[in-house]
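I have placed the structure first, in the form of structure tokens, so that the comments after it can refer back to it.
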Amino acid sequence: MDDLFDKNFYIDTYKPESKGVRMYKTFAMFRFIFIIYTLSFEFLVYFWLLKKNIFQKYLEPQAYLLVGLSVLFICLIVYVIIDNLAFKKKLIESSSEVNFDYYFYTYKKSGKKNQNNTITAIACALAEMGDKHGCQKVLSLLPVEYKPTILSDLKDWLKSEEASFDNPLLHNTKRFILRAIIFPIIFLIIAAGLLASCVDYTLLIGYGSNKTCIMHFGMLQCGAWLYLTIFCILLIFYYINRNRMFLLIDGFKEYAKSMTLVAIFILLLYISVNPAVNYASTSDETDTTSDKILSSNEAKDEEELWSEHPDDTEVLLKMVILCDWLQKRGIIGDFHVLIEHDENGIAMATVSKDDNYAYVLHENGFKSDSNDCKCLEFILKAEPLDAKGKSLGPEKEKLIGYYLVKYDTDEVFEELKAY
């Protein structure tokens, strides 16, 4: 035993046919393959998104970072399942000799300074083999400040007359099965929520999504950021308490209630500041565009306000209302609204396509109807498509009609019918 822990011991010659050593080498190869796989997946995702110009067209600026994190968590799903079911579960089901070889090889191969948990695992394997002298020798390698619960159990066993050490937690396979189920679900929520955070909720409005869908979209974002925050807190907690923990469950049991309260507080905080949730939770009676415009421009003269173009969010909301009206009358088919701007900076959107035309809505500023009520005017034009479905350009477009969307009631009026 003394020779094994000598600094000059050549580990590569240690039991090459041992199951524990082979498990270590297989796991090391798996980690290397996982890193290559993750980097390749990240590269392919970014390459495709950049080639298709998805970042510029549809996503928010933070997407450049969040997409990478999302892909990482998707890859971690695969890692966690294989790690827990193919390696960790099989390891603890193996004999104490196999566990000793695995952790001893890990200890010698690792370049980490802090290997307290690995040393403790070696001591546990020796204790299960009934080697009190070897266990005592290994425990002497641990620093004084390292005091996990299982260390007290080992010291009590060394003082006892029992032949071998037995701790149910060391061979509890249920925790690895639960990890292989729970962590992938959490990581999937984080990945989906981070991707959702790359998209402005108004884009969903543009595709005709209702408030229930937008509420779920916002809650997915909140859930992802909640889990990500807790994940970071747990890493910090583990780093601070690493000298008191051998199994994760040792440190988290006593803080379970406090952590639950913190999680609820964080979730409520994220919900309160999430724009999608706030939008979806407002009642239809109070969520009128005219209320928003007038309340934010109380100091402006009404004549001055009418001369301005509304912001893109207001235009998008009115476009969705108009598109729904046009679809019900068979003027356009399925629609989605993605705001763009012409050379003058005026909002426009290609809202629908069929085999022959692309239908484009142009915002045309504030107008008043016959009753002098405030409306937003839109012009609908149809651009012809070639055989490949590409637009032949605005110079060959034809006028479909002029439409007014009333601000107070969202009623739609047809000013001019050109079809």
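As shown in the structure tokens, the chain order sets the letters A, B, ...; within each chain, residues go from 1, and ligands are also counted from 1 in the order they appear.
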Review point. What lies within 12 Å of A:Asn364 using only C-alpha atoms, ignoring chain neighbours under 2 positions off, as a PyMOL selection string?
Key: chain A and resi 306-310+315+319+342+344-348+361-362+366-367+375-380+402-405
Each residue of stretch 304-384 of chain A lying at most 9 Å from stretch 200-223 of chain A should get a row with its shortest atom-to-atom pair and the distance in Å to one decimal, counting only C-alpha atoms; could you produce that, ordered by chain and increasing number, as CSV?
residue,atom,partner,partner_atom,distance
A:Thr313,CA,A:Thr202,CA,6.9
A:Leu316,CA,A:Gly206,CA,6.3
A:Leu317,CA,A:Ile205,CA,7.1
A:Met319,CA,A:Gly206,CA,7.9
A:Val320,CA,A:Gly206,CA,6.1
A:Ile321,CA,A:Gly208,CA,8.9
A:Asp324,CA,A:Gly208,CA,8.2
A:Phe335,CA,A:Tyr207,CA,6.8
A:His336,CA,A:Tyr207,CA,4.1
A:Val337,CA,A:Gly206,CA,4.1
A:Leu338,CA,A:Gly206,CA,6.1
A:Ile339,CA,A:Gly206,CA,8.3
A:Val351,CA,A:Gly206,CA,8.9
Would you write out those residues with C-alpha atoms, as a PDB file, in the first residue's frame?
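See again24.pdb below for the written result:
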ATOM      1  CA  THR A 313     -44.805  47.108 -31.758  1.00  0.00           C
ATOM      2  CA  LEU A 316     -47.298  44.874 -35.574  1.00  0.00           C
ATOM      3  CA  LEU A 317     -50.362  44.594 -33.320  1.00  0.00           C
ATOM      4  CA  MET A 319     -51.142  44.448 -38.732  1.00  0.00           C
ATOM      5  CA  VAL A 320     -52.106  41.198 -37.013  1.00  0.00           C
ATOM      6  CA  ILE A 321     -55.663  42.480 -36.548  1.00  0.00           C
ATOM      7  CA  ASP A 324     -56.925  38.274 -39.491  1.00  0.00           C
ATOM      8  CA  PHE A 335     -50.183  34.855 -42.520  1.00  0.00           C
ATOM      9  CA  HIS A 336     -47.279  35.866 -40.321  1.00  0.00           C
ATOM     10  CA  VAL A 337     -46.029  39.365 -39.582  1.00  0.00           C
ATOM     11  CA  LEU A 338     -42.335  40.221 -39.428  1.00  0.00           C
ATOM     12  CA  ILE A 339     -41.736  43.967 -39.434  1.00  0.00           C
ATOM     13  CA  VAL A 351     -47.581  38.877 -44.536  1.00  0.00           C
TER      14      VAL A 351
END
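Note that atom CA of A:Lys353 and atom CA of A:Asn53 are 20.9 Å apart.
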Exercise: A:Ile230 partners within 10 Å, only C-alpha atoms, chain neighbours under 4 positions left out, as a tab-separated table (two decimals) with N, CA and C atoms, in the first residue's frame:
chain	number	residue	atom	x	y	z
A	224	ALA	N	-36.50	28.57	-17.35
A	224	ALA	CA	-35.11	28.33	-17.76
A	224	ALA	C	-34.14	29.17	-16.95
A	225	TRP	N	-34.45	30.45	-16.79
A	225	TRP	CA	-33.56	31.32	-16.02
A	225	TRP	C	-33.56	30.97	-14.54
A	226	LEU	N	-34.69	30.46	-14.04
A	226	LEU	CA	-34.73	29.99	-12.66
A	226	LEU	C	-33.77	28.82	-12.47
A	234	LEU	N	-25.90	26.46	-6.89
A	234	LEU	CA	-25.44	25.17	-6.38
A	234	LEU	C	-23.95	24.96	-6.61
A	235	LEU	N	-23.46	25.43	-7.75
A	235	LEU	CA	-22.02	25.32	-8.01
A	235	LEU	C	-21.22	26.14	-7.00
A	236	ILE	N	-21.71	27.35	-6.73
A	236	ILE	CA	-21.04	28.20	-5.73
A	236	ILE	C	-21.13	27.57	-4.35
A	259	MET	N	-33.62	26.63	0.25
A	259	MET	CA	-33.41	26.69	-1.19
A	259	MET	C	-34.74	26.72	-1.94
A	262	VAL	N	-35.95	30.28	-1.73
A	262	VAL	CA	-35.16	31.12	-2.63
A	262	VAL	C	-35.60	30.91	-4.07
A	263	ALA	N	-35.87	29.65	-4.43
A	263	ALA	CA	-36.30	29.34	-5.80
A	263	ALA	C	-37.63	30.00	-6.12
A	266	ILE	N	-37.04	33.72	-6.61
A	266	ILE	CA	-36.39	34.01	-7.90
A	266	ILE	C	-37.39	33.87	-9.04
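Around A:Ser140, within 12 Å and counting only C-alpha atoms, the residues found are Asp2, Phe5, Asn116, Ile119, Thr120, Ala123, His133, Gly134, Cys135, Gln136, Lys137, Val138, Leu142, Pro143, Val144, Tyr146, Leu151 and Lys155 of chain A, once anything fewer than 2 positions away on its own chain is removed.
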Writer output for current selection, N, CA and C atoms, as an mmCIF file, in the first residue's frame:
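Result file follows (result04.cif):
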data_model
loop_
_atom_site.group_PDB
_atom_site.id
_atom_site.type_symbol
_atom_site.label_atom_id
_atom_site.label_comp_id
_atom_site.auth_asym_id
_atom_site.auth_seq_id
_atom_site.Cartn_x
_atom_site.Cartn_y
_atom_site.Cartn_z
ATOM 1 N N ASP A 2 1.950 1.244 0.787
ATOM 2 C CA ASP A 2 2.828 2.415 0.835
ATOM 3 C C ASP A 2 3.438 2.698 -0.534
ATOM 4 N N PHE A 5 1.119 4.606 -3.225
ATOM 5 C CA PHE A 5 0.929 6.053 -3.102
ATOM 6 C C PHE A 5 2.246 6.825 -3.150
ATOM 7 N N ASN A 116 -9.878 15.336 -2.606
ATOM 8 C CA ASN A 116 -10.366 14.800 -1.327
ATOM 9 C C ASN A 116 -11.459 13.756 -1.511
ATOM 10 N N ILE A 119 -9.931 10.498 -2.807
ATOM 11 C CA ILE A 119 -9.216 9.804 -1.725
ATOM 12 C C ILE A 119 -10.204 9.134 -0.778
ATOM 13 N N THR A 120 -11.308 9.825 -0.472
ATOM 14 C CA THR A 120 -12.337 9.257 0.405
ATOM 15 C C THR A 120 -12.964 8.033 -0.232
ATOM 16 N N ALA A 123 -10.667 5.194 0.238
ATOM 17 C CA ALA A 123 -10.742 4.726 1.632
ATOM 18 C C ALA A 123 -11.994 3.880 1.847
ATOM 19 N N HIS A 133 -5.791 -1.139 7.856
ATOM 20 C CA HIS A 133 -4.487 -0.484 7.769
ATOM 21 C C HIS A 133 -4.422 0.402 6.524
ATOM 22 N N GLY A 134 -4.846 -0.137 5.404
ATOM 23 C CA GLY A 134 -4.835 0.632 4.159
ATOM 24 C C GLY A 134 -5.772 1.825 4.225
ATOM 25 N N CYS A 135 -6.937 1.622 4.834
ATOM 26 C CA CYS A 135 -7.909 2.716 4.970
ATOM 27 C C CYS A 135 -7.333 3.842 5.826
ATOM 28 N N GLN A 136 -6.711 3.468 6.935
ATOM 29 C CA GLN A 136 -6.102 4.454 7.823
ATOM 30 C C GLN A 136 -5.000 5.229 7.098
ATOM 31 N N LYS A 137 -4.194 4.519 6.289
ATOM 32 C CA LYS A 137 -3.105 5.141 5.541
ATOM 33 C C LYS A 137 -3.651 6.157 4.534
ATOM 34 N N VAL A 138 -4.735 5.793 3.834
ATOM 35 C CA VAL A 138 -5.312 6.683 2.821
ATOM 36 C C VAL A 138 -5.941 7.909 3.483
ATOM 37 N N LEU A 142 -5.747 13.052 3.745
ATOM 38 C CA LEU A 142 -6.756 14.108 3.707
ATOM 39 C C LEU A 142 -6.373 15.284 4.597
ATOM 40 N N PRO A 143 -6.691 16.509 4.190
ATOM 41 C CA PRO A 143 -6.401 17.678 5.031
ATOM 42 C C PRO A 143 -7.326 17.725 6.245
ATOM 43 N N VAL A 144 -6.923 18.455 7.265
ATOM 44 C CA VAL A 144 -7.692 18.521 8.512
ATOM 45 C C VAL A 144 -9.055 19.174 8.302
ATOM 46 N N TYR A 146 -11.066 18.999 5.871
ATOM 47 C CA TYR A 146 -12.032 18.191 5.111
ATOM 48 C C TYR A 146 -12.798 17.305 6.082
ATOM 49 N N LEU A 151 -16.766 10.590 6.640
ATOM 50 C CA LEU A 151 -15.446 10.469 7.264
ATOM 51 C C LEU A 151 -15.588 10.054 8.730
ATOM 52 N N LYS A 155 -14.091 6.618 10.503
ATOM 53 C CA LYS A 155 -13.266 6.645 11.720
ATOM 54 C C LYS A 155 -13.895 5.806 12.827
#
**Study point:** alpha helix (DSSP H) per DSSP on the backbone: members of stretch 8-207 of chain A, as a ChimeraX atom specification
**Key:** /A:19-51,54-58,63-82,89-93,96-109,116-128,132-139,149-159,174-196,201-206
Produce a file of the selected residues containing C-alpha atoms, as a short mmCIF file (atom, residue, chain, number, x, y, z; two decimals), in the first residue's frame.
data_model
loop_
_atom_site.label_atom_id
_atom_site.label_comp_id
_atom_site.auth_asym_id
_atom_site.auth_seq_id
_atom_site.Cartn_x
_atom_site.Cartn_y
_atom_site.Cartn_z
CA LYS A 19 -12.18 -3.85 -14.84
CA GLY A 20 -11.80 -0.67 -12.79
CA VAL A 21 -8.85 0.55 -14.89
CA ARG A 22 -10.69 -0.30 -18.12
CA MET A 23 -13.74 1.64 -16.90
CA TYR A 24 -11.56 4.68 -16.22
CA LYS A 25 -10.02 4.54 -19.71
CA THR A 26 -13.43 4.08 -21.35
CA PHE A 27 -14.85 7.04 -19.42
CA ALA A 28 -11.83 9.19 -20.32
CA MET A 29 -12.37 8.34 -24.00
CA PHE A 30 -16.08 9.14 -23.67
CA ARG A 31 -15.30 12.58 -22.22
CA PHE A 32 -12.88 13.31 -25.06
CA ILE A 33 -15.47 12.26 -27.67
CA PHE A 34 -18.11 14.36 -25.89
CA ILE A 35 -15.94 17.49 -26.08
CA ILE A 36 -15.32 16.96 -29.82
CA TYR A 37 -19.01 16.23 -30.39
CA THR A 38 -20.09 19.37 -28.49
CA LEU A 39 -17.63 21.66 -30.28
CA SER A 40 -18.67 20.22 -33.65
CA PHE A 41 -22.36 20.64 -32.85
CA GLU A 42 -21.78 24.24 -31.74
CA PHE A 43 -19.88 24.99 -34.95
CA LEU A 44 -22.58 23.48 -37.18
CA VAL A 45 -25.39 25.36 -35.41
CA TYR A 46 -23.62 28.73 -35.58
CA PHE A 47 -22.54 28.10 -39.18
CA TRP A 48 -26.12 27.36 -40.28
CA LEU A 49 -27.64 30.29 -38.37
CA LEU A 50 -25.06 32.72 -39.73
CA LYS A 51 -25.35 31.38 -43.28
CA ILE A 54 -31.17 33.98 -38.76
CA PHE A 55 -29.47 36.11 -36.11
CA GLN A 56 -30.10 39.33 -38.03
CA LYS A 57 -33.60 38.50 -39.24
CA TYR A 58 -35.33 36.91 -36.28
CA ALA A 63 -28.82 35.24 -29.15
CA TYR A 64 -25.14 35.09 -30.14
CA LEU A 65 -24.38 33.94 -26.57
CA LEU A 66 -27.62 32.19 -25.60
CA VAL A 67 -27.68 29.89 -28.62
CA GLY A 68 -24.26 28.56 -27.64
CA LEU A 69 -25.37 27.96 -24.05
CA SER A 70 -28.54 26.25 -25.26
CA VAL A 71 -26.58 23.89 -27.52
CA LEU A 72 -24.25 23.11 -24.59
CA PHE A 73 -27.17 22.09 -22.36
CA ILE A 74 -28.63 19.94 -25.15
CA CYS A 75 -25.30 18.12 -25.36
CA LEU A 76 -25.18 17.81 -21.55
CA ILE A 77 -28.44 15.85 -21.70
CA VAL A 78 -26.61 13.09 -23.60
CA TYR A 79 -23.62 13.33 -21.25
CA VAL A 80 -25.67 13.06 -18.05
CA ILE A 81 -27.65 10.04 -19.25
CA ILE A 82 -24.56 8.10 -20.37
CA LYS A 89 -24.44 3.11 -11.91
CA LYS A 90 -22.31 0.22 -13.19
CA LEU A 91 -19.36 1.31 -11.06
CA ILE A 92 -21.22 1.24 -7.74
CA GLU A 93 -22.79 -2.09 -8.69
CA SER A 96 -15.07 -3.01 -3.87
CA GLU A 97 -11.90 -4.19 -5.68
CA VAL A 98 -13.15 -2.69 -8.95
CA ASN A 99 -14.05 0.56 -7.17
CA PHE A 100 -10.59 0.71 -5.59
CA ASP A 101 -8.83 0.23 -8.94
CA TYR A 102 -11.04 2.85 -10.61
CA TYR A 103 -10.58 5.56 -7.97
CA PHE A 104 -6.90 4.79 -7.41
CA TYR A 105 -6.23 5.10 -11.16
CA THR A 106 -8.29 8.31 -11.19
CA TYR A 107 -6.25 9.69 -8.27
CA LYS A 108 -2.94 8.97 -9.98
CA LYS A 109 -4.00 10.15 -13.43
CA ASN A 116 -10.37 14.80 -1.33
CA ASN A 117 -13.49 13.05 -2.64
CA THR A 118 -11.43 10.63 -4.73
CA ILE A 119 -9.22 9.80 -1.73
CA THR A 120 -12.34 9.26 0.41
CA ALA A 121 -13.77 6.92 -2.26
CA ILE A 122 -10.50 4.92 -2.17
CA ALA A 123 -10.74 4.73 1.63
CA CYS A 124 -14.37 3.52 1.40
CA ALA A 125 -13.37 0.80 -1.09
CA LEU A 126 -10.56 -0.38 1.23
CA ALA A 127 -12.95 -0.32 4.19
CA GLU A 128 -15.43 -2.50 2.30
CA LYS A 132 -8.20 -1.17 8.09
CA HIS A 133 -4.49 -0.48 7.77
CA GLY A 134 -4.84 0.63 4.16
CA CYS A 135 -7.91 2.72 4.97
CA GLN A 136 -6.10 4.45 7.82
CA LYS A 137 -3.11 5.14 5.54
CA VAL A 138 -5.31 6.68 2.82
CA LEU A 139 -7.27 8.81 5.30
CA THR A 149 -20.23 13.02 7.21
CA ILE A 150 -18.90 9.72 5.83
CA LEU A 151 -15.45 10.47 7.26
CA SER A 152 -16.85 10.19 10.79
CA ASP A 153 -18.44 6.85 9.85
CA LEU A 154 -15.10 5.55 8.56
CA LYS A 155 -13.27 6.64 11.72
CA ASP A 156 -15.92 4.98 13.88
CA TRP A 157 -15.49 1.77 11.87
CA LEU A 158 -11.70 1.87 12.32
CA LYS A 159 -12.21 1.95 16.09
CA LYS A 174 -31.56 4.93 -7.38
CA ARG A 175 -29.84 8.32 -7.19
CA PHE A 176 -28.11 7.73 -10.52
CA ILE A 177 -31.34 6.63 -12.19
CA LEU A 178 -33.06 9.75 -10.84
CA ARG A 179 -30.21 11.94 -12.08
CA ALA A 180 -30.52 10.37 -15.54
CA ILE A 181 -34.21 11.36 -15.55
CA ILE A 182 -34.38 14.66 -13.66
CA PHE A 183 -31.26 16.42 -14.96
CA PRO A 184 -32.06 15.86 -18.66
CA ILE A 185 -35.54 17.32 -18.09
CA ILE A 186 -34.06 20.37 -16.33
CA PHE A 187 -31.40 20.81 -19.01
CA LEU A 188 -34.05 20.52 -21.73
CA ILE A 189 -36.10 23.27 -20.05
CA ILE A 190 -32.99 25.44 -19.76
CA ALA A 191 -32.06 24.87 -23.42
CA ALA A 192 -35.60 25.58 -24.67
CA GLY A 193 -35.94 28.63 -22.41
CA LEU A 194 -32.62 30.08 -23.52
CA LEU A 195 -33.66 29.67 -27.15
CA ALA A 196 -36.98 31.33 -26.31
CA TYR A 201 -42.41 37.87 -27.96
CA THR A 202 -43.81 40.36 -30.49
CA LEU A 203 -42.61 37.97 -33.19
CA LEU A 204 -45.14 35.45 -31.86
CA ILE A 205 -47.83 38.10 -32.07
CA GLY A 206 -46.79 38.58 -35.67
#
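Atom to atom, atom CA of A:Arg329 and atom CA of A:Ala382 stand 16.2 Å apart.
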Check your understanding: So, counting only C-alpha atoms, which residue among A:Glu363, A:Ala163, A:Lys388, A:Val199 is closest to A:Gln62?
Key -> A:Val199
